[in-house]
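J.: Could you have a look at this structure, given as structure tokens, before my questions?
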Amino acid sequence: MDVPPVVSKSEWEEARREVLAKEKEQTRARDALAAERRRLPRLRVDKDYVLQGPDGEVPLGDLFEGRRQLILYHFMFGPNQDVGCDGCSMVVDQIGHLAHFHARDTSFALVSRAPIEKIETYRARMGWTIPWYSSFASDFNVDFGVSPPEPRVGVYQDGETFALDVFYRDGDEIFQTYRTDRRGVEALGSVWSFLDLTPFGRQEEWEDSPTGYPQGKPYEWWRRHDEYGD
Amino acid sequence: MSRVGTRDEWLEARVALLAEEKELTRRSDELARRRQELPWVPVEQEYEFDTDDGRKTLAELFDGRSQLIVYHFMFGSTTPGWPEAGCPGCSYTADSLDGAALHLPPRGVTFVAVSRAPLEQIEAYKRRMGWRFPWVSAQGTDFNLDFSVFTEEGRRTGQGFNFGTPKHAEEIDLRRDELHGLSAFILEDGVVYHAYSAYDRGTDALNATWALLDRTALGRGDEPEGWPLRHDEYT
């Protein structure tokens, strides 16, 4: 193995500082990109999708749970499978406590093509509490391009793919604002990284957002996850 | 609120943004490569930590693996919530790290949080929050200070947070204040080396497993067979 040189603390600090300058550049580039995302045009969702939850039928609008923003992860779980995709499972392991999203007027949900009974069994096994809905009886997955028209026998997860969509709700109207997949999903994990994809961003006053967006002081809105209250 | 567009307009705007996102991804990859080229510094100081498995040295925290990521979790007499609770901002980060850290040991990376609070307080708070990651106490050691400043002058004055970045320079005294940060170590032939540390916004993309691997001395490497698995499937 060809490893880097061993040096003194001061030499290491000098090398570290050079990388730090590039890291800061990258952080600022990420912020600028998030600002552009907040200016993407919105797409109206014209169809009335009805998904299945553990307690029965759920219209797409109910996934917002009364909040204005919804992050929706298309989790690969084919209808003929008994367990969900392992890579998607790692993604879900990294989603932080939902209380932090809720504090930013944002709900989080998973949607898969597997029937709700299979989803519930797998969810219990993994110990997740995140809301998870089935699109088994809906065109939702096919329309959003994450499922083939018919489940494909013998293909991983019946040919499902993964993606992450962000939706915005204005009264009864639902809009899609964002979509990412593959390495765009890999970069996610912290609550901030997800909020950077939402129309309102982190909702902190330093952000370059369109006029009138909700914003407050950074480092003050958060609480320990059991301290948010209602 | 931004305007409502047709599918074609939205797609055009989204594709334009995608080009910039891809550029950012490529720059992240390049940065990860630069991080892995950082020189290593042998850790000569002997540290001992209180763990739920008794006293352990820094080398023992590796738990048989070759790489170690330390999350410097602010939980000490000057943090909000003391003595019952750790820092709310670190707790927010820990909520994401808790799930991500499950996927690191199979890649040869041990993850551990380190705080100055006594172990009993750490364990009580960890139970309350429902976290699973290992968390040890550095009470009575200079571990947190040693991995927040790297110059003699910094140690004397308590100044120099985040490699001397002017932001926060006035308000932070590292001798007094708890520190939020992340450090990466590597163990080779029985010697522990310090390879990386980051603070402040340098840590805000860190909670995902891939982003964490990008911070280790060896990086992601080739993705082995059988990784990732569901978190209850790793043996």
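Naming scheme: A, B, ... for chains in displayed order of the structure tokens; residues 1 onward per chain; ligands 1 onward as shown.
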Counting only C-alpha atoms, which residues of chain A fall within 6 Å of chain B, and what is the closest atom pair for each with its distance in Å at one decimal, ordered by chain and rising number, as a tab-separated table?

T.:
residue	atom	partner	partner_atom	distance
A:Pro4	CA	B:Pro39	CA	5.1
A:Pro5	CA	B:Pro39	CA	5.0
A:Val6	CA	B:Trp40	CA	4.7
A:Val7	CA	B:Val41	CA	5.4
A:Trp12	CA	B:Pro39	CA	6.0
A:Arg39	CA	B:Ser2	CA	5.5
A:Pro41	CA	B:Arg3	CA	5.1
A:Arg42	CA	B:Val4	CA	4.4
A:Leu43	CA	B:Gly5	CA	5.6
A:Asp86	CA	B:Leu229	CA	5.3
A:Ser89	CA	B:Arg230	CA	5.9
A:Asp93	CA	B:Gly99	CA	4.5
A:Gln94	CA	B:Gly99	CA	4.9
A:Ile95	CA	B:Ser96	CA	5.8
A:Gly96	CA	B:Ser96	CA	4.0
A:His97	CA	B:Asp95	CA	5.6
A:Gly189	CA	B:Ala208	CA	4.2
A:Ser190	CA	B:Asn207	CA	4.9
A:Arg223	CA	B:Pro88	CA	5.7
A:Arg224	CA	B:Pro88	CA	5.2

J.: Where in stretch 82-133 of chain A does DSSP assign strand (DSSP E or B), given as number ranges by chain?

T.: A: 106-112, 132-133

J.: Rank nothing, just name the residue among B:Tyr71, B:Trp82, B:Phe185, B:Phe161 nearest to B:Leu58, using only C-alpha atoms.

T.: B:Phe185

J.: Counting only C-alpha atoms, which residue out of A:Glu204, A:Thr161, A:Arg113, A:Met126 sits closest to A:Pro218?

T.: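 Among the listed residues, the smallest separation from A:Pro218 belongs to A:Glu204.
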
J.: Can you tell me, as a PyMOL selection string, which residues in stretch 11-160 of chain B count as alpha helix (DSSP H) by DSSP?

T.: chain B and resi 11-36+58-61+88-100+119-129+143-146+152-157

J.: List as a count of residues only the protein and nucleic acid residues near A:Phe75, meaning an atom at most 8 Å away when only C-alpha atoms are counted, but skip any in the same chain fewer than 6 places from it.

T.: 9

J.: Using only C-alpha atoms for the distances, tell me which of A:Asp55, A:Glu207, A:Ala114, A:Gln26 is nearest to B:Asp29.

T.: A:Gln26

J.: Tell me which protein, DNA and RNA residues are within 12 Å of A:Ser134, counting only C-alpha atoms, leaving out same-chain ones fewer than 5 positions away, and put them as a ChimeraX atom specification.

T.: /A:49-60,63,74-79,109-120,139-141

J.: Determine the nearest neighbour of B:Thr79 from the options B:Leu104, B:Arg116, B:Arg33, B:Gly181, counting only C-alpha atoms.

T.: B:Arg116

J.: Considering only C-alpha atoms, return as a PyMOL selection string whatever protein or nucleic-acid residues lie within 7 Å of B:Val136, sequence-local ones (same chain, fewer than 3 positions apart) excluded.

T.: chain B and resi 49-51+113-115+119

J.: Selection from above, N, CA and C atoms, as a PDB file, in the first residue's frame, can you write it?

T.:
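Writing done, so here's again09.pdb:
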ATOM      1  N   PHE B  49      -9.494   6.274  27.878  1.00  0.00           N
ATOM      2  CA  PHE B  49     -10.903   6.667  27.859  1.00  0.00           C
ATOM      3  C   PHE B  49     -11.703   5.723  28.754  1.00  0.00           C
ATOM      4  N   ASP B  50     -12.778   6.251  29.344  1.00  0.00           N
ATOM      5  CA  ASP B  50     -13.731   5.394  30.058  1.00  0.00           C
ATOM      6  C   ASP B  50     -14.754   4.906  29.052  1.00  0.00           C
ATOM      7  N   THR B  51     -14.893   3.592  28.953  1.00  0.00           N
ATOM      8  CA  THR B  51     -15.862   3.022  28.020  1.00  0.00           C
ATOM      9  C   THR B  51     -16.749   2.040  28.777  1.00  0.00           C
ATOM     10  N   ALA B 113     -18.066   8.176  19.426  1.00  0.00           N
ATOM     11  CA  ALA B 113     -18.216   9.552  19.874  1.00  0.00           C
ATOM     12  C   ALA B 113     -17.407   9.718  21.157  1.00  0.00           C
ATOM     13  N   VAL B 114     -16.786  10.908  21.303  1.00  0.00           N
ATOM     14  CA  VAL B 114     -15.966  11.179  22.484  1.00  0.00           C
ATOM     15  C   VAL B 114     -16.420  12.504  23.095  1.00  0.00           C
ATOM     16  N   SER B 115     -16.647  12.492  24.430  1.00  0.00           N
ATOM     17  CA  SER B 115     -17.023  13.719  25.140  1.00  0.00           C
ATOM     18  C   SER B 115     -16.254  13.803  26.446  1.00  0.00           C
ATOM     19  N   LEU B 119     -18.667   9.104  32.128  1.00  0.00           N
ATOM     20  CA  LEU B 119     -19.342   8.035  31.400  1.00  0.00           C
ATOM     21  C   LEU B 119     -20.796   7.818  31.836  1.00  0.00           C
TER      22      LEU B 119
END
